[in-house]
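Working notes, beginning with the structure itself.
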Amino acid sequence: MKAQVNEIKITYKGGILAKDWQKLNSSFDTAHFIYENWDKDTIEVHETFKVLLLNNANKVKGVVELSRGGITGTLVDLRLLLAVIIKSLSVAIILTHNHPSGTLKPSSSDKQLTSKINKATALFDVKVLDHIIITPNADYFSFADEGLL
């Protein structure tokens, strides 16, 4: 008897052609892109952690919400992140989350998570280009700009 197994798929919604994907050239471009695509009804309510999946030309293939948490934090499962990166054939990623309080300073947990993700993705030759923290008033903090990557 042949064993049955489920197939896992990652889908792209929207039908945007690769030639039309948004290219990110700087942390400013990235923060603006992230803020414009964030749910403004929840940005002041709870933390959300998202990942931008990029191709080799730093064009955004897609955005994945990995977790939605409470007022002061959210948990990220590294296994889910790696599964999405590998299945989507992304070569680089940009991490992002919001601070509902408006504080731009990364917490020690933010720094530890970034380091952990950076080490794990390096094993798959996937680059973490940045980790951007955004606030409800569109301010941002870039780990790359501050030399924290």
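Identifiers in the structure tokens: chain A, B, ... in order shown; residue index from 1 per chain; ligand index from 1 in order shown.
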
Within 12 Å of region 27-33 of chain A, which residues of region 59-95 of chain A show up? Give each one with its shortest atom-to-atom distance in Å (one decimal) and the two atoms involved, counting only C-alpha atoms, rows by chain then rising residue number, as a Markdown table.
| residue | atom | partner | partner_atom | distance |
| --- | --- | --- | --- | --- |
| A:Lys59 | CA | A:Thr30 | CA | 10.7 |
| A:Val60 | CA | A:Thr30 | CA | 9.9 |
| A:Gly62 | CA | A:Phe33 | CA | 11.9 |
| A:Val63 | CA | A:Phe33 | CA | 10.7 |
| A:Ile93 | CA | A:Thr30 | CA | 11.4 |
| A:Ile94 | CA | A:Thr30 | CA | 8.6 |
| A:Leu95 | CA | A:Thr30 | CA | 10.4 |

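Those residues of region 9-102 of chain A that DSSP, working from the backbone, places in helix (DSSP H, G or I) are A:Ala18, A:Lys19, A:Asp20, A:Ser27, A:Phe28, A:Asp29, A:Thr30, A:Ala31, A:His32, A:Phe33, A:Ile34, A:Tyr35, A:Glu36, A:Leu78, A:Arg79, A:Leu80, A:Leu81, A:Leu82, A:Ala83, A:Val84, A:Ile85, A:Ile86, A:Lys87, A:Ser88.
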
Next, dump the selected residues to file, keeping only N, CA and C atoms, as a PDB file, in the first residue's frame.
ATOM      1  N   ALA A  18       7.457  39.329 -11.594  1.00  0.00           N
ATOM      2  CA  ALA A  18       8.781  39.579 -11.008  1.00  0.00           C
ATOM      3  C   ALA A  18       9.367  40.908 -11.478  1.00  0.00           C
ATOM      4  N   LYS A  19       9.142  41.260 -12.722  1.00  0.00           N
ATOM      5  CA  LYS A  19       9.690  42.520 -13.232  1.00  0.00           C
ATOM      6  C   LYS A  19       9.093  43.733 -12.523  1.00  0.00           C
ATOM      7  N   ASP A  20       7.946  43.556 -11.867  1.00  0.00           N
ATOM      8  CA  ASP A  20       7.275  44.664 -11.183  1.00  0.00           C
ATOM      9  C   ASP A  20       7.456  44.632  -9.669  1.00  0.00           C
ATOM     10  N   SER A  27      17.690  51.470   3.789  1.00  0.00           N
ATOM     11  CA  SER A  27      16.820  51.256   4.949  1.00  0.00           C
ATOM     12  C   SER A  27      15.620  52.205   4.897  1.00  0.00           C
ATOM     13  N   PHE A  28      15.828  53.397   4.369  1.00  0.00           N
ATOM     14  CA  PHE A  28      14.716  54.348   4.237  1.00  0.00           C
ATOM     15  C   PHE A  28      13.652  53.788   3.304  1.00  0.00           C
ATOM     16  N   ASP A  29      14.077  53.287   2.128  1.00  0.00           N
ATOM     17  CA  ASP A  29      13.132  52.664   1.184  1.00  0.00           C
ATOM     18  C   ASP A  29      12.390  51.517   1.848  1.00  0.00           C
ATOM     19  N   THR A  30      13.146  50.699   2.571  1.00  0.00           N
ATOM     20  CA  THR A  30      12.569  49.523   3.221  1.00  0.00           C
ATOM     21  C   THR A  30      11.558  49.914   4.280  1.00  0.00           C
ATOM     22  N   ALA A  31      11.930  50.852   5.144  1.00  0.00           N
ATOM     23  CA  ALA A  31      11.024  51.288   6.209  1.00  0.00           C
ATOM     24  C   ALA A  31       9.742  51.888   5.623  1.00  0.00           C
ATOM     25  N   HIS A  32       9.872  52.662   4.580  1.00  0.00           N
ATOM     26  CA  HIS A  32       8.699  53.254   3.926  1.00  0.00           C
ATOM     27  C   HIS A  32       7.810  52.148   3.346  1.00  0.00           C
ATOM     28  N   PHE A  33       8.415  51.180   2.659  1.00  0.00           N
ATOM     29  CA  PHE A  33       7.675  50.062   2.087  1.00  0.00           C
ATOM     30  C   PHE A  33       6.929  49.294   3.177  1.00  0.00           C
ATOM     31  N   ILE A  34       7.632  49.012   4.263  1.00  0.00           N
ATOM     32  CA  ILE A  34       7.034  48.263   5.367  1.00  0.00           C
ATOM     33  C   ILE A  34       5.860  49.039   5.968  1.00  0.00           C
ATOM     34  N   TYR A  35       6.093  50.303   6.273  1.00  0.00           N
ATOM     35  CA  TYR A  35       5.054  51.111   6.905  1.00  0.00           C
ATOM     36  C   TYR A  35       3.815  51.216   6.016  1.00  0.00           C
ATOM     37  N   GLU A  36       4.019  51.424   4.734  1.00  0.00           N
ATOM     38  CA  GLU A  36       2.888  51.556   3.807  1.00  0.00           C
ATOM     39  C   GLU A  36       2.077  50.268   3.700  1.00  0.00           C
ATOM     40  N   LEU A  78      11.784  29.921  14.689  1.00  0.00           N
ATOM     41  CA  LEU A  78      12.845  29.882  13.687  1.00  0.00           C
ATOM     42  C   LEU A  78      12.593  28.816  12.630  1.00  0.00           C
ATOM     43  N   ARG A  79      11.994  27.703  13.014  1.00  0.00           N
ATOM     44  CA  ARG A  79      11.729  26.623  12.056  1.00  0.00           C
ATOM     45  C   ARG A  79      10.737  27.060  10.981  1.00  0.00           C
ATOM     46  N   LEU A  80       9.709  27.802  11.388  1.00  0.00           N
ATOM     47  CA  LEU A  80       8.742  28.297  10.401  1.00  0.00           C
ATOM     48  C   LEU A  80       9.397  29.293   9.455  1.00  0.00           C
ATOM     49  N   LEU A  81      10.244  30.162  10.006  1.00  0.00           N
ATOM     50  CA  LEU A  81      10.947  31.135   9.180  1.00  0.00           C
ATOM     51  C   LEU A  81      11.825  30.427   8.144  1.00  0.00           C
ATOM     52  N   LEU A  82      12.605  29.457   8.592  1.00  0.00           N
ATOM     53  CA  LEU A  82      13.488  28.742   7.669  1.00  0.00           C
ATOM     54  C   LEU A  82      12.698  27.978   6.611  1.00  0.00           C
ATOM     55  N   ALA A  83      11.582  27.401   6.997  1.00  0.00           N
ATOM     56  CA  ALA A  83      10.743  26.672   6.038  1.00  0.00           C
ATOM     57  C   ALA A  83      10.254  27.594   4.923  1.00  0.00           C
ATOM     58  N   VAL A  84       9.820  28.782   5.293  1.00  0.00           N
ATOM     59  CA  VAL A  84       9.321  29.743   4.300  1.00  0.00           C
ATOM     60  C   VAL A  84      10.456  30.221   3.399  1.00  0.00           C
ATOM     61  N   ILE A  85      11.602  30.526   3.981  1.00  0.00           N
ATOM     62  CA  ILE A  85      12.747  30.996   3.190  1.00  0.00           C
ATOM     63  C   ILE A  85      13.156  29.949   2.162  1.00  0.00           C
ATOM     64  N   ILE A  86      13.294  28.724   2.604  1.00  0.00           N
ATOM     65  CA  ILE A  86      13.755  27.660   1.714  1.00  0.00           C
ATOM     66  C   ILE A  86      12.703  27.342   0.648  1.00  0.00           C
ATOM     67  N   LYS A  87      11.465  27.229   1.054  1.00  0.00           N
ATOM     68  CA  LYS A  87      10.404  26.889   0.106  1.00  0.00           C
ATOM     69  C   LYS A  87      10.210  27.993  -0.940  1.00  0.00           C
ATOM     70  N   SER A  88      10.455  29.251  -0.557  1.00  0.00           N
ATOM     71  CA  SER A  88      10.267  30.367  -1.493  1.00  0.00           C
ATOM     72  C   SER A  88      11.520  30.643  -2.326  1.00  0.00           C
TER      73      SER A  88
END

Quick one: DSSP strand (DSSP E or B) residues in chain A, as a PDB file with N, CA and C atoms, in the first residue's frame?
ATOM      1  N   LYS A  23      11.898  47.064  -5.661  1.00  0.00           N
ATOM      2  CA  LYS A  23      13.328  46.959  -5.343  1.00  0.00           C
ATOM      3  C   LYS A  23      13.624  47.854  -4.148  1.00  0.00           C
ATOM      4  N   THR A  48       3.856  42.772  15.826  1.00  0.00           N
ATOM      5  CA  THR A  48       3.763  41.806  14.740  1.00  0.00           C
ATOM      6  C   THR A  48       5.156  41.672  14.129  1.00  0.00           C
ATOM      7  N   PHE A  49       5.541  40.460  13.797  1.00  0.00           N
ATOM      8  CA  PHE A  49       6.847  40.205  13.203  1.00  0.00           C
ATOM      9  C   PHE A  49       6.635  39.708  11.785  1.00  0.00           C
ATOM     10  N   LYS A  50       7.236  40.403  10.828  1.00  0.00           N
ATOM     11  CA  LYS A  50       7.110  40.038   9.422  1.00  0.00           C
ATOM     12  C   LYS A  50       8.493  39.900   8.804  1.00  0.00           C
ATOM     13  N   VAL A  51       8.543  39.178   7.701  1.00  0.00           N
ATOM     14  CA  VAL A  51       9.788  38.996   6.968  1.00  0.00           C
ATOM     15  C   VAL A  51       9.546  39.321   5.504  1.00  0.00           C
ATOM     16  N   LEU A  52      10.443  40.120   4.943  1.00  0.00           N
ATOM     17  CA  LEU A  52      10.428  40.396   3.519  1.00  0.00           C
ATOM     18  C   LEU A  52      11.347  39.388   2.857  1.00  0.00           C
ATOM     19  N   LEU A  53      10.819  38.663   1.896  1.00  0.00           N
ATOM     20  CA  LEU A  53      11.576  37.653   1.154  1.00  0.00           C
ATOM     21  C   LEU A  53      12.076  38.287  -0.141  1.00  0.00           C
ATOM     22  N   LEU A  54      13.388  38.213  -0.362  1.00  0.00           N
ATOM     23  CA  LEU A  54      13.988  38.930  -1.482  1.00  0.00           C
ATOM     24  C   LEU A  54      14.669  37.998  -2.474  1.00  0.00           C
ATOM     25  N   LYS A  59      14.768  42.572  -4.775  1.00  0.00           N
ATOM     26  CA  LYS A  59      13.356  42.837  -5.063  1.00  0.00           C
ATOM     27  C   LYS A  59      12.511  41.963  -4.151  1.00  0.00           C
ATOM     28  N   VAL A  60      11.413  42.531  -3.666  1.00  0.00           N
ATOM     29  CA  VAL A  60      10.553  41.846  -2.708  1.00  0.00           C
ATOM     30  C   VAL A  60       9.675  40.826  -3.420  1.00  0.00           C
ATOM     31  N   LYS A  61       9.950  39.542  -3.138  1.00  0.00           N
ATOM     32  CA  LYS A  61       9.140  38.453  -3.675  1.00  0.00           C
ATOM     33  C   LYS A  61       7.818  38.356  -2.932  1.00  0.00           C
ATOM     34  N   GLY A  62       7.878  38.670  -1.625  1.00  0.00           N
ATOM     35  CA  GLY A  62       6.680  38.577  -0.813  1.00  0.00           C
ATOM     36  C   GLY A  62       6.960  38.984   0.621  1.00  0.00           C
ATOM     37  N   VAL A  63       5.898  39.140   1.368  1.00  0.00           N
ATOM     38  CA  VAL A  63       5.964  39.485   2.787  1.00  0.00           C
ATOM     39  C   VAL A  63       5.207  38.415   3.555  1.00  0.00           C
ATOM     40  N   VAL A  64       5.852  37.893   4.602  1.00  0.00           N
ATOM     41  CA  VAL A  64       5.236  36.847   5.407  1.00  0.00           C
ATOM     42  C   VAL A  64       5.113  37.328   6.840  1.00  0.00           C
ATOM     43  N   GLU A  65       3.908  37.251   7.382  1.00  0.00           N
ATOM     44  CA  GLU A  65       3.709  37.531   8.807  1.00  0.00           C
ATOM     45  C   GLU A  65       4.010  36.246   9.565  1.00  0.00           C
ATOM     46  N   LEU A  66       5.050  36.286  10.391  1.00  0.00           N
ATOM     47  CA  LEU A  66       5.432  35.092  11.146  1.00  0.00           C
ATOM     48  C   LEU A  66       4.754  35.000  12.494  1.00  0.00           C
ATOM     49  N   SER A  67       4.491  36.147  13.104  1.00  0.00           N
ATOM     50  CA  SER A  67       3.821  36.083  14.401  1.00  0.00           C
ATOM     51  C   SER A  67       3.139  37.397  14.728  1.00  0.00           C
ATOM     52  N   ARG A  68       2.123  37.260  15.554  1.00  0.00           N
ATOM     53  CA  ARG A  68       1.378  38.402  16.077  1.00  0.00           C
ATOM     54  C   ARG A  68       1.297  38.173  17.576  1.00  0.00           C
ATOM     55  N   ALA A  92      17.803  36.350   0.219  1.00  0.00           N
ATOM     56  CA  ALA A  92      18.026  37.353   1.258  1.00  0.00           C
ATOM     57  C   ALA A  92      16.683  37.667   1.908  1.00  0.00           C
ATOM     58  N   ILE A  93      16.768  38.160   3.137  1.00  0.00           N
ATOM     59  CA  ILE A  93      15.556  38.549   3.860  1.00  0.00           C
ATOM     60  C   ILE A  93      15.806  39.839   4.616  1.00  0.00           C
ATOM     61  N   ILE A  94      14.712  40.504   4.930  1.00  0.00           N
ATOM     62  CA  ILE A  94      14.736  41.652   5.833  1.00  0.00           C
ATOM     63  C   ILE A  94      13.706  41.367   6.910  1.00  0.00           C
ATOM     64  N   LEU A  95      14.165  41.378   8.143  1.00  0.00           N
ATOM     65  CA  LEU A  95      13.293  41.164   9.290  1.00  0.00           C
ATOM     66  C   LEU A  95      12.651  42.486   9.655  1.00  0.00           C
ATOM     67  N   THR A  96      11.449  42.439  10.172  1.00  0.00           N
ATOM     68  CA  THR A  96      10.805  43.671  10.604  1.00  0.00           C
ATOM     69  C   THR A  96       9.757  43.382  11.668  1.00  0.00           C
ATOM     70  N   HIS A  97       9.639  44.289  12.590  1.00  0.00           N
ATOM     71  CA  HIS A  97       8.538  44.239  13.544  1.00  0.00           C
ATOM     72  C   HIS A  97       8.245  45.655  14.012  1.00  0.00           C
ATOM     73  N   ASN A  98       7.110  45.796  14.653  1.00  0.00           N
ATOM     74  CA  ASN A  98       6.698  47.115  15.127  1.00  0.00           C
ATOM     75  C   ASN A  98       6.835  47.199  16.644  1.00  0.00           C
ATOM     76  N   LYS A 127      21.126  35.700   3.228  1.00  0.00           N
ATOM     77  CA  LYS A 127      21.614  36.877   3.941  1.00  0.00           C
ATOM     78  C   LYS A 127      20.475  37.607   4.648  1.00  0.00           C
ATOM     79  N   VAL A 128      20.721  37.990   5.885  1.00  0.00           N
ATOM     80  CA  VAL A 128      19.814  38.904   6.582  1.00  0.00           C
ATOM     81  C   VAL A 128      20.357  40.300   6.297  1.00  0.00           C
ATOM     82  N   LEU A 129      19.664  41.050   5.460  1.00  0.00           N
ATOM     83  CA  LEU A 129      20.152  42.365   5.056  1.00  0.00           C
ATOM     84  C   LEU A 129      19.895  43.432   6.106  1.00  0.00           C
ATOM     85  N   ASP A 130      18.819  43.272   6.866  1.00  0.00           N
ATOM     86  CA  ASP A 130      18.488  44.274   7.879  1.00  0.00           C
ATOM     87  C   ASP A 130      17.411  43.733   8.797  1.00  0.00           C
ATOM     88  N   HIS A 131      17.233  44.414   9.883  1.00  0.00           N
ATOM     89  CA  HIS A 131      16.095  44.215  10.779  1.00  0.00           C
ATOM     90  C   HIS A 131      15.594  45.620  11.076  1.00  0.00           C
ATOM     91  N   ILE A 132      14.397  45.896  10.629  1.00  0.00           N
ATOM     92  CA  ILE A 132      13.810  47.231  10.763  1.00  0.00           C
ATOM     93  C   ILE A 132      12.714  47.185  11.814  1.00  0.00           C
ATOM     94  N   ILE A 133      12.791  48.119  12.748  1.00  0.00           N
ATOM     95  CA  ILE A 133      11.720  48.313  13.731  1.00  0.00           C
ATOM     96  C   ILE A 133      10.973  49.570  13.305  1.00  0.00           C
ATOM     97  N   ILE A 134       9.662  49.464  13.200  1.00  0.00           N
ATOM     98  CA  ILE A 134       8.861  50.642  12.857  1.00  0.00           C
ATOM     99  C   ILE A 134       7.957  51.008  14.031  1.00  0.00           C
ATOM    100  N   TYR A 140      11.629  54.779  12.212  1.00  0.00           N
ATOM    101  CA  TYR A 140      12.187  53.434  12.102  1.00  0.00           C
ATOM    102  C   TYR A 140      13.599  53.377  12.667  1.00  0.00           C
ATOM    103  N   PHE A 141      13.996  52.157  12.987  1.00  0.00           N
ATOM    104  CA  PHE A 141      15.358  51.849  13.448  1.00  0.00           C
ATOM    105  C   PHE A 141      15.883  50.740  12.564  1.00  0.00           C
ATOM    106  N   SER A 142      17.091  50.900  12.045  1.00  0.00           N
ATOM    107  CA  SER A 142      17.709  49.912  11.176  1.00  0.00           C
ATOM    108  C   SER A 142      18.910  49.288  11.864  1.00  0.00           C
TER     109      SER A 142
END

I'd like to know which of A:His46, A:Lys111, A:Ala120, A:Ala57 is closest to Gly147 (chain A), using only C-alpha atoms. A:Lys111

Quick check, in Å to one decimal: how far apart do CA of Asn56 (chain A) and CA of Pro106 (chain A) lie? 27.7 Å

Determine, counting only C-alpha atoms, which protein, DNA and RNA residues have an atom within 7 Å of an atom of Ile43 (chain A); residues of the same chain fewer than 2 positions away are not included. Present the result as a ChimeraX atom specification. /A:39-41,45-46,98,100,136

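Interatomic distance, CA of Asp139 (chain A) against CA of Ser108 (chain A): 19.7 Å.
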
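Closest approach to Leu75 (chain A) from the set A:Asp125, A:Glu146, A:Glu7, A:Asp110 is made by A:Asp110, with distances taken over only C-alpha atoms.
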
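The spacing separating CA of Gly69 (chain A) from CA of Ser115 (chain A) amounts to 20.2 Å.
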
Tell me which of A:Phe124, A:Phe143, A:Gly70, A:Val76 sits closest to Leu104 (chain A), counting only C-alpha atoms. A:Phe143
